[in-house]
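Source file: my_file.txt (compact mmCIF, C-alpha atoms)
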```
# COMPACT_ATOMS: atom_id res chain seq x y z
CA MET E 1 -34.42 9.04 3.53
CA VAL E 2 -31.08 8.74 1.84
CA PRO E 3 -28.04 9.44 4.03
CA GLN E 4 -25.81 11.90 2.20
CA GLU E 5 -22.74 11.31 4.32
CA HIS E 6 -20.05 8.64 4.11
CA PRO E 7 -20.97 5.66 6.34
CA LEU E 8 -17.77 6.21 8.33
CA GLU E 9 -18.17 9.98 8.61
CA GLN E 10 -19.17 9.70 12.29
CA LEU E 11 -15.86 7.99 13.05
CA LEU E 12 -13.73 10.45 11.10
CA ARG E 13 -12.66 13.97 11.91
CA SER E 14 -14.11 15.35 8.70
CA ASP E 15 -12.53 18.78 9.09
CA ARG E 16 -9.12 17.08 8.79
CA MET E 17 -9.98 15.48 5.47
CA PRO E 18 -8.52 15.03 2.89
CA HIS E 19 -5.68 13.32 4.72
CA ILE E 20 -1.98 13.79 3.98
CA TRP E 21 -1.33 10.29 2.63
CA CYS E 22 -0.13 10.09 -0.96
CA PRO E 23 -2.30 8.84 -3.81
CA GLY E 24 -1.94 5.07 -3.94
CA CYS E 25 -0.97 4.72 -0.28
CA GLY E 26 -2.58 1.82 1.55
CA LEU E 27 -2.96 3.58 4.90
CA GLY E 28 -6.31 5.16 4.05
CA THR E 29 -7.80 1.80 3.10
CA ASP E 30 -6.42 0.17 6.24
CA LEU E 31 -7.82 2.95 8.40
CA GLY E 32 -11.18 2.51 6.66
CA CYS E 33 -11.09 -1.21 7.55
CA TYR E 34 -10.32 -0.35 11.16
CA LEU E 35 -13.16 2.14 11.37
CA ARG E 36 -15.54 -0.40 9.84
CA ALA E 37 -14.43 -2.91 12.46
CA LEU E 38 -14.98 -0.27 15.13
CA SER E 39 -18.55 0.56 14.13
CA GLY E 40 -21.06 -0.77 16.62
CA MET E 41 -18.63 -0.60 19.54
CA ASP E 42 -18.98 1.78 22.47
CA LEU E 43 -16.79 4.62 21.23
CA ASP E 44 -16.38 6.16 24.67
CA LYS E 45 -14.49 3.04 25.67
CA VAL E 46 -12.06 3.03 22.76
CA ALA E 47 -8.63 4.64 22.79
CA PHE E 48 -6.40 4.94 19.77
CA VAL E 49 -2.65 5.42 20.10
CA SER E 50 -0.23 6.04 17.27
CA GLY E 51 3.43 6.85 17.05
CA ILE E 52 5.51 8.70 14.52
CA GLY E 53 5.58 8.30 10.78
CA CYS E 54 3.00 8.38 8.03
CA SER E 55 0.92 5.88 9.98
CA GLY E 56 1.16 8.08 13.08
CA ARG E 57 -1.04 10.65 11.42
CA ALA E 58 -3.98 8.27 11.79
CA ALA E 59 -4.56 9.47 15.38
CA GLY E 60 -5.53 12.84 13.98
CA TYR E 61 -8.20 11.40 11.72
CA VAL E 62 -10.19 9.09 13.97
CA ALA E 63 -12.96 10.62 16.06
CA VAL E 64 -12.34 8.50 19.15
CA ASP E 65 -9.99 9.40 22.01
CA SER E 66 -6.71 9.38 20.18
CA PHE E 67 -3.14 9.97 21.23
CA HIS E 68 -0.18 10.81 19.06
CA VAL E 69 2.89 9.89 21.06
CA THR E 70 6.67 9.89 20.63
CA HIS E 71 8.47 7.61 18.22
CA GLY E 72 8.09 3.92 19.00
CA ARG E 73 6.45 4.57 22.37
CA GLY E 74 2.89 3.79 21.34
CA ILE E 75 2.89 0.46 23.18
CA PRO E 76 4.20 1.67 26.57
CA PHE E 77 1.76 4.56 26.45
CA ALA E 78 -1.09 2.18 25.65
CA ILE E 79 -0.06 -0.17 28.48
CA GLY E 80 -0.40 2.78 30.85
CA LEU E 81 -3.86 3.55 29.50
CA LYS E 82 -5.00 -0.03 29.77
CA VAL E 83 -3.66 -0.63 33.28
CA ALA E 84 -5.11 2.63 34.59
CA ASN E 85 -8.50 2.00 33.03
CA PRO E 86 -9.04 -1.68 32.23
CA GLU E 87 -12.45 -0.95 30.68
CA LEU E 88 -10.83 0.64 27.65
CA THR E 89 -10.25 -1.11 24.38
CA VAL E 90 -6.83 0.18 23.36
CA THR E 91 -5.50 0.07 19.83
CA VAL E 92 -1.91 0.84 18.93
CA TRP E 93 -1.54 1.82 15.32
CA GLY E 94 1.92 2.07 13.87
CA GLY E 95 4.19 1.45 10.98
CA ASP E 96 6.99 -1.08 10.76
CA GLY E 97 9.56 1.55 11.69
CA ASP E 98 7.57 2.74 14.66
CA ILE E 99 6.57 -0.59 16.21
CA PHE E 100 9.47 -2.83 15.20
CA ALA E 101 12.51 -0.65 14.62
CA ILE E 102 12.54 1.87 17.44
CA GLY E 103 9.79 0.24 19.47
CA GLY E 104 10.83 -3.38 18.97
CA ASN E 105 11.65 -4.09 22.58
CA HIS E 106 8.42 -2.56 23.82
CA PHE E 107 6.58 -4.81 21.43
CA ILE E 108 8.16 -8.08 22.49
CA HIS E 109 7.66 -7.33 26.17
CA ALA E 110 4.03 -6.32 25.73
CA ALA E 111 3.50 -9.60 23.85
CA ARG E 112 5.31 -11.53 26.58
CA ARG E 113 3.05 -10.05 29.26
CA ASN E 114 -0.02 -10.80 27.15
CA ILE E 115 -1.54 -7.45 28.01
CA GLU E 116 -4.90 -6.74 26.42
CA LEU E 117 -3.79 -4.49 23.59
CA ASN E 118 -4.65 -4.53 19.96
CA VAL E 119 -1.54 -3.74 17.94
CA ILE E 120 -1.90 -3.06 14.24
CA CYS E 121 1.31 -2.73 12.27
CA ILE E 122 1.13 -1.32 8.77
CA ASN E 123 4.13 -2.88 7.08
CA ASN E 124 5.04 -0.94 3.97
CA ALA E 125 8.66 -2.17 3.94
CA ILE E 126 10.22 1.29 4.08
CA TYR E 127 10.66 4.43 6.18
CA GLY E 128 8.21 6.42 4.11
CA MET E 129 7.94 9.81 5.80
CA THR E 130 11.68 10.42 6.16
CA GLY E 131 12.36 9.79 2.49
CA GLY E 132 12.65 6.08 1.84
CA GLN E 133 15.50 4.72 3.95
CA VAL E 134 16.01 1.00 4.47
CA ALA E 135 13.78 -0.44 7.23
CA PRO E 136 13.91 -3.74 9.15
CA SER E 137 11.17 -5.02 6.86
CA THR E 138 12.69 -4.02 3.52
CA PRO E 139 12.96 -7.13 1.34
CA LEU E 140 16.37 -8.43 0.37
CA ARG E 141 17.81 -6.71 -2.73
CA ALA E 142 15.17 -3.95 -2.76
CA LYS E 143 16.44 -0.52 -3.71
CA THR E 144 15.98 2.34 -1.29
CA THR E 145 17.66 5.74 -0.86
CA THR E 146 20.21 4.27 1.58
CA THR E 147 20.72 1.03 -0.36
CA PRO E 148 20.93 2.22 -3.97
CA TYR E 149 22.57 -1.06 -5.08
CA GLY E 150 20.05 -3.24 -3.32
CA ASN E 151 19.37 -4.14 0.30
CA TYR E 152 21.72 -6.77 1.76
CA GLU E 153 19.96 -7.17 5.12
CA HIS E 154 17.51 -9.97 5.75
CA PRO E 155 14.08 -8.63 6.70
CA PHE E 156 12.14 -9.39 9.85
CA ASN E 157 9.12 -11.66 9.86
CA PHE E 158 6.93 -9.64 12.21
CA SER E 159 4.14 -12.17 12.62
CA TYR E 160 6.60 -14.91 13.53
CA MET E 161 8.28 -12.59 15.99
CA ALA E 162 4.94 -11.72 17.60
CA ALA E 163 4.00 -15.39 17.92
CA ALA E 164 7.42 -16.25 19.33
CA SER E 165 7.15 -13.44 21.89
CA GLY E 166 3.86 -14.82 23.18
CA ALA E 167 1.09 -12.93 21.37
CA THR E 168 -2.16 -14.87 21.61
CA TYR E 169 -3.78 -13.58 18.43
CA VAL E 170 -1.69 -13.04 15.30
CA ALA E 171 -3.00 -12.42 11.81
CA ARG E 172 -1.53 -11.08 8.62
CA TRP E 173 -3.44 -9.58 5.71
CA THR E 174 -2.67 -7.21 2.90
CA THR E 175 -4.40 -3.98 1.98
CA ALA E 176 -6.08 -5.82 -0.89
CA HIS E 177 -7.94 -8.11 1.56
CA THR E 178 -10.32 -5.47 2.91
CA LYS E 179 -13.11 -7.81 4.03
CA GLU E 180 -10.83 -10.29 5.79
CA LEU E 181 -8.85 -7.47 7.36
CA THR E 182 -12.01 -5.85 8.73
CA LYS E 183 -13.15 -9.15 10.21
CA SER E 184 -9.75 -9.81 11.70
CA MET E 185 -9.60 -6.32 13.22
CA ARG E 186 -12.98 -6.86 14.81
CA GLU E 187 -11.81 -10.14 16.32
CA ALA E 188 -8.67 -8.44 17.59
CA LEU E 189 -10.67 -5.60 19.15
CA GLU E 190 -12.74 -8.12 21.09
CA TRP E 191 -9.79 -10.35 21.93
CA LYS E 192 -8.87 -10.81 25.60
CA GLY E 193 -5.11 -10.76 25.42
CA PHE E 194 -2.41 -9.38 23.18
CA SER E 195 -3.51 -9.31 19.58
CA PHE E 196 -1.34 -8.40 16.66
CA ILE E 197 -2.31 -7.77 13.06
CA GLU E 198 0.30 -7.22 10.39
CA VAL E 199 -1.05 -5.41 7.36
CA ILE E 200 1.18 -5.64 4.31
CA SER E 201 0.70 -2.28 2.65
CA MET E 202 2.22 -0.30 -0.15
CA CYS E 203 4.22 2.88 -0.39
CA PRO E 204 4.35 3.84 -4.06
CA THR E 205 6.13 7.13 -3.43
CA THR E 206 9.29 5.93 -1.71
CA PHE E 207 9.32 2.17 -2.25
CA GLY E 208 7.37 1.44 -5.41
CA ARG E 209 8.99 3.86 -7.80
CA ARG E 210 12.50 2.65 -6.93
CA ASN E 211 11.51 -0.98 -7.34
CA GLY E 212 9.77 -1.11 -10.66
CA PHE E 213 6.20 -0.24 -9.75
CA ALA E 214 4.48 2.57 -11.60
CA ASP E 215 1.89 3.40 -8.96
CA GLY E 216 0.01 2.19 -5.92
CA LEU E 217 -2.52 0.29 -7.98
CA GLU E 218 0.20 -1.82 -9.57
CA MET E 219 1.62 -2.61 -6.12
CA LEU E 220 -1.84 -3.50 -4.85
CA LYS E 221 -2.42 -5.91 -7.71
CA ASP E 222 1.02 -7.45 -7.31
CA MET E 223 0.39 -7.91 -3.60
CA LYS E 224 -2.93 -9.58 -4.25
CA ALA E 225 -1.44 -11.90 -6.85
CA ARG E 226 1.42 -12.94 -4.54
CA SER E 227 -0.67 -13.59 -1.47
CA GLU E 228 -1.76 -17.03 -0.48
CA VAL E 229 -4.33 -17.62 2.27
CA LYS E 230 -3.24 -20.20 4.80
CA ASN E 231 -4.73 -20.38 8.28
CA PHE E 232 -2.49 -21.59 11.10
CA PRO E 233 0.53 -22.33 8.88
CA ASP E 234 3.96 -23.38 10.07
CA LEU E 235 5.32 -19.97 11.02
CA GLU E 236 8.77 -20.87 9.71
CA ASP E 237 7.32 -20.74 6.20
CA THR E 238 5.71 -17.32 6.49
CA ASP E 239 8.68 -15.19 5.47
CA ILE E 240 7.68 -12.61 2.90
CA GLY E 241 9.32 -13.58 -0.35
CA GLU E 242 7.85 -14.46 -3.72
CA LYS E 243 4.72 -15.55 -1.87
CA ILE E 244 3.03 -13.63 0.91
CA VAL E 245 1.34 -16.05 3.28
CA VAL E 246 -1.71 -14.35 4.77
CA GLY E 247 -4.37 -15.50 7.19
CA LYS E 248 -4.88 -16.09 10.86
CA PHE E 249 -1.62 -17.39 12.28
CA VAL E 250 -2.12 -17.80 16.01
CA GLU E 251 -5.20 -17.98 18.22
CA LYS E 252 -4.61 -19.46 21.64
CA GLU E 253 -5.84 -19.28 25.21
CA LYS E 254 -3.56 -17.71 27.79
CA ARG E 255 -4.32 -15.74 30.93
CA SER E 256 -3.89 -12.05 30.28
CA TYR E 257 -1.74 -9.61 32.25
CA LEU E 258 -4.73 -7.94 33.89
CA GLU E 259 -6.17 -11.27 35.03
CA GLU E 260 -2.84 -12.13 36.60
CA VAL E 261 -2.64 -8.73 38.30
CA LYS E 262 -6.15 -9.10 39.70
CA GLN E 263 -5.31 -12.49 41.16
CA TRP E 264 -2.54 -11.09 43.34
CA ARG E 265 -4.14 -7.84 44.33
CA MET O 266 -17.52 20.56 -0.77
CA SER O 267 -18.78 19.49 -4.13
CA MET O 268 -20.56 16.16 -4.17
CA LYS O 269 -21.68 14.13 -7.10
CA SER O 270 -24.31 11.43 -7.00
CA TRP O 271 -25.76 8.86 -9.34
CA GLN O 272 -28.97 6.96 -8.80
CA ASN O 273 -30.30 3.73 -10.20
CA GLN O 274 -32.97 1.32 -9.01
CA ARG O 275 -30.55 -0.36 -6.61
CA GLY O 276 -29.44 2.74 -4.78
CA PHE O 277 -27.16 5.74 -4.85
CA LEU O 278 -23.46 6.20 -5.49
CA PHE O 279 -21.93 9.32 -4.00
CA LEU O 280 -18.57 10.91 -4.72
CA LYS O 281 -16.87 13.68 -2.79
CA GLU O 282 -14.76 14.97 -5.63
CA GLU O 283 -12.53 17.21 -3.55
CA ARG O 284 -11.30 14.28 -1.47
CA CYS O 285 -10.27 12.16 -4.44
CA LYS O 286 -6.57 11.77 -5.16
CA GLY O 287 -7.00 9.86 -8.39
CA CYS O 288 -5.32 6.62 -7.27
CA GLY O 289 -7.60 4.60 -9.55
CA PHE O 290 -8.29 1.78 -7.08
CA CYS O 291 -12.08 2.02 -7.48
CA ILE O 292 -11.86 2.09 -11.28
CA ASP O 293 -9.67 -0.99 -11.46
CA LEU O 294 -11.29 -3.05 -8.73
CA CYS O 295 -14.89 -2.42 -9.81
CA PRO O 296 -16.22 -5.89 -10.68
CA LYS O 297 -18.60 -4.49 -13.32
CA LYS O 298 -16.09 -1.98 -14.74
CA VAL O 299 -18.64 0.81 -14.72
CA LEU O 300 -16.32 3.53 -13.43
CA ARG O 301 -13.83 5.54 -15.46
CA GLN O 302 -11.57 8.51 -15.02
CA SER O 303 -13.46 11.71 -15.70
CA GLU O 304 -12.34 14.70 -17.69
CA VAL O 305 -12.95 17.15 -14.86
CA MET O 306 -10.19 18.14 -12.51
CA ASN O 307 -10.62 18.84 -8.82
CA ALA O 308 -8.92 21.59 -6.83
CA LYS O 309 -5.83 19.46 -6.27
CA GLY O 310 -5.48 18.63 -9.95
CA TYR O 311 -6.60 15.02 -9.82
CA HIS O 312 -9.19 13.42 -12.07
CA PRO O 313 -11.89 11.81 -9.94
CA PRO O 314 -13.79 8.77 -11.25
CA GLU O 315 -17.24 8.92 -12.79
CA LEU O 316 -19.98 6.34 -13.14
CA TYR O 317 -20.54 6.14 -16.89
CA ASP O 318 -22.87 3.14 -16.89
CA VAL O 319 -25.33 4.08 -14.18
CA GLU O 320 -27.59 1.05 -14.60
CA GLY O 321 -24.59 -1.29 -14.58
CA CYS O 322 -23.61 -0.43 -11.00
CA ILE O 323 -24.67 -3.17 -8.64
CA MET O 324 -23.95 -1.19 -5.45
CA CYS O 325 -21.54 -3.85 -4.22
CA ASP O 326 -19.50 -1.64 -1.84
CA ILE O 327 -16.09 -2.65 -3.19
CA CYS O 328 -15.18 0.91 -4.21
CA THR O 329 -16.25 2.17 -0.77
CA GLU O 330 -14.03 -0.36 0.97
CA ILE O 331 -10.95 0.16 -1.14
CA CYS O 332 -11.10 3.96 -1.41
CA PRO O 333 -8.24 5.28 0.75
CA ASP O 334 -9.65 8.79 0.80
CA PHE O 335 -13.21 8.10 1.95
CA ALA O 336 -14.38 9.82 -1.22
CA ILE O 337 -16.67 7.31 -2.94
CA TYR O 338 -19.50 5.46 -1.19
CA ARG O 339 -22.82 3.89 -1.92
CA TYR O 340 -26.22 3.71 -0.30
CA ARG O 341 -28.27 0.67 -1.18
CA SER O 342 -31.99 1.41 -1.17
CA LYS O 343 -32.93 -2.22 -0.68
CA GLU O 344 -30.96 -5.05 0.80
CA ARG O 345 -29.60 -7.77 -1.42
CA GLY O 346 -31.86 -10.77 -1.90
CA LYS O 347 -34.93 -8.92 -0.70
CA ASN O 348 -37.64 -7.46 -2.88
CA ALA O 349 -38.61 -3.89 -2.22
```
Let me see whether you can do it: turn the structure in this file into structure tokens.
Amino acid sequence: MVPQEHPLEQLLRSDRMPHIWCPGCGLGTDLGCYLRALSGMDLDKVAFVSGIGCSGRAAGYVAVDSFHVTHGRGIPFAIGLKVANPELTVTVWGGDGDIFAIGGNHFIHAARRNIELNVICINNAIYGMTGGQVAPSTPLRAKTTTTPYGNYEHPFNFSYMAAASGATYVARWTTAHTKELTKSMREALEWKGFSFIEVISMCPTTFGRRNGFADGLEMLKDMKARSEVKNFPDLEDTDIGEKIVVGKFVEKEKRSYLEEVKQWR
Amino acid sequence: MSMKSWQNQRGFLFLKEERCKGCGFCIDLCPKKVLRQSEVMNAKGYHPPELYDVEGCIMCDICTEICPDFAIYRYRSKERGKNA
């Protein structure tokens, strides 16, 4: 008996397909990795939260309990879910603008509390949906609609920030590393504590075409060529520049928020 | 939804043509280079890939993993390293 359906069809809302993401966008691949990591888990105990932006659309495509919330407020919403029902595995899916620009403070405090959330940030270095404005992750001297002569702001290093705020699991991969990303997402889903995965992705429509890339494929190949796998590196050296350091950055033991709450209740 | 399939002794390769957006990831990342852009056009005006060397496909799953549109996927009729 040959199954005619896509292996992830059970986890997708097929009636919503094809999705809205542009040709060459990395979000579809990243979502595929997440769904592959999810397979085999109890889907009634999984909640998926996403904010606003291209990445926010993901909540409409996964066939688990999914929530599409206001801009940047994915993490506070997810904290509420997790505290009210500690049995849930809660994933927050967002872009760099959603999690780190408007929701930056929520992120650092969730990491500080070490609450059992799984935060996945798709870093495409731009505000894609609104038309390509400069984001906190846009590389220095990159051209965007609001910085036509080149960006003069230094970008954030999200993984370093997560580790500094107290996240107990931090990893960074690119869209090109599908197998590693899937494995990392699975580890993060099972992690007891705050886990953060930064996925370096591509936006050919608003970032690539203004910065000398013909299409998504060219960006994907460039990303793959620039990445260098290094597990547990010195986080000072992980800034995204000519080289993209990828790998597992932090994995440490620390009592989680819910364990602490239980102790005093 | 129109679906295409190819079969060789290793398994099946399926393609949901209407989902394809022609990004070319599968064509470029295929380790055996057995995919190419087809002449046909889907409803959105993109050219989906086609498997032109059916026997050359090793059913490795790389196109399935990289496809952002969940359009191309394979079914392996026997597991790797095991005889049928």
| field | Neighbours of chain O in chain E at 6 Å, counting all atoms listed in the file, as number ranges by chain | value | E: 18, 23-24, 28-29
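Atom CA of Ser256 of chain E is found 27.5 Å from atom CA of Ala58 of chain E.
Using all atoms listed in the file, the nearest neighbour of Ser39 of chain E within the list E:Ala110, E:Val199, E:Leu11, E:Ile115 is E:Leu11.
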| Separation of atom CA of Thr205 of chain E from atom CA of Gly310 of chain O, in Å and rounded to one decimal |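 One can read the atom CA of Thr205 of chain E to atom CA of Gly310 of chain O distance as 17.6 Å.
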| field | Length of the atom CA of Asp234 of chain E to atom CA of Phe249 of chain E vector [Å] | value |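 Rounded to one decimal, the two atoms are 8.5 Å apart.
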| request: Please write as an MDAnalysis selection string the list of polymer residues whose atoms come within 6 Å of (5.8, 3.5, 12.2), counting all atoms listed in the file and keeping to the coordinates of the file. | output: chainID E and resid 52:53 55 94:99
| said: So, with all atoms listed in the file as the atoms that count, which of E:Gly247, E:Gly60, E:Pro139, E:Pro233 lies closest to Ser184 of chain E? | reply: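 Of all the options, E:Gly247 lies closest to Ser184 of chain E.
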| task | Please tell me which residues are no farther than 10 Å from (-5.0, -10.0, 21.8) in the file, counting only C-alpha atoms, and write them as number ranges by chain. | result | E: 111, 114-119, 167-170, 187-197, 251-254, 256
Size and centre in Å, one decimal, axis-aligned box, all listed segment 332-340 of chain O atoms plus 5 Å per side, as lines of an AutoDock Vina configuration file:
```
center_x = -17.2
center_y = 6.8
center_z = -0.5
size_x = 28.0
size_y = 16.1
size_z = 14.9
```
| Could you name the residues that touch Gly321 of chain O at 8 Å or less, counting only C-alpha atoms, but leaving out those on the same chain fewer than 3 positions away, as JSON, numbers by chain? | {"O": [297, 299, 318]}
| query | Quick one: of E:Ile108, E:Met129, E:Ala142, E:Val261, who's nearest to Ile75 of chain E, counting only C-alpha atoms? | reply |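 Comparing E:Ile108, E:Met129, E:Ala142, E:Val261 against Ile75 of chain E, the winner is E:Ile108.
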| task | Go through E:Leu140, E:Ala78, E:Leu220, E:Ile240 one by one, measure the shortest atom-to-atom distance of each to Thr175 of chain E using all atoms listed in the file, and give the residue with the smallest value. | result |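 Ranking E:Leu140, E:Ala78, E:Leu220, E:Ile240 by distance to Thr175 of chain E, first place goes to E:Leu220.
Of the listed residues (E:Lys221, E:His6, E:Arg226, E:Arg57), E:Arg57 comes nearest to Ile20 of chain E; the distances count only C-alpha atoms.
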| said: When you count all atoms listed in the file, which of these residues is closest to Thr91 of chain E: E:Arg186, E:Arg265, E:Arg16, E:Arg112? | reply: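 Using all atoms listed in the file, Thr91 of chain E sits closest to E:Arg186.
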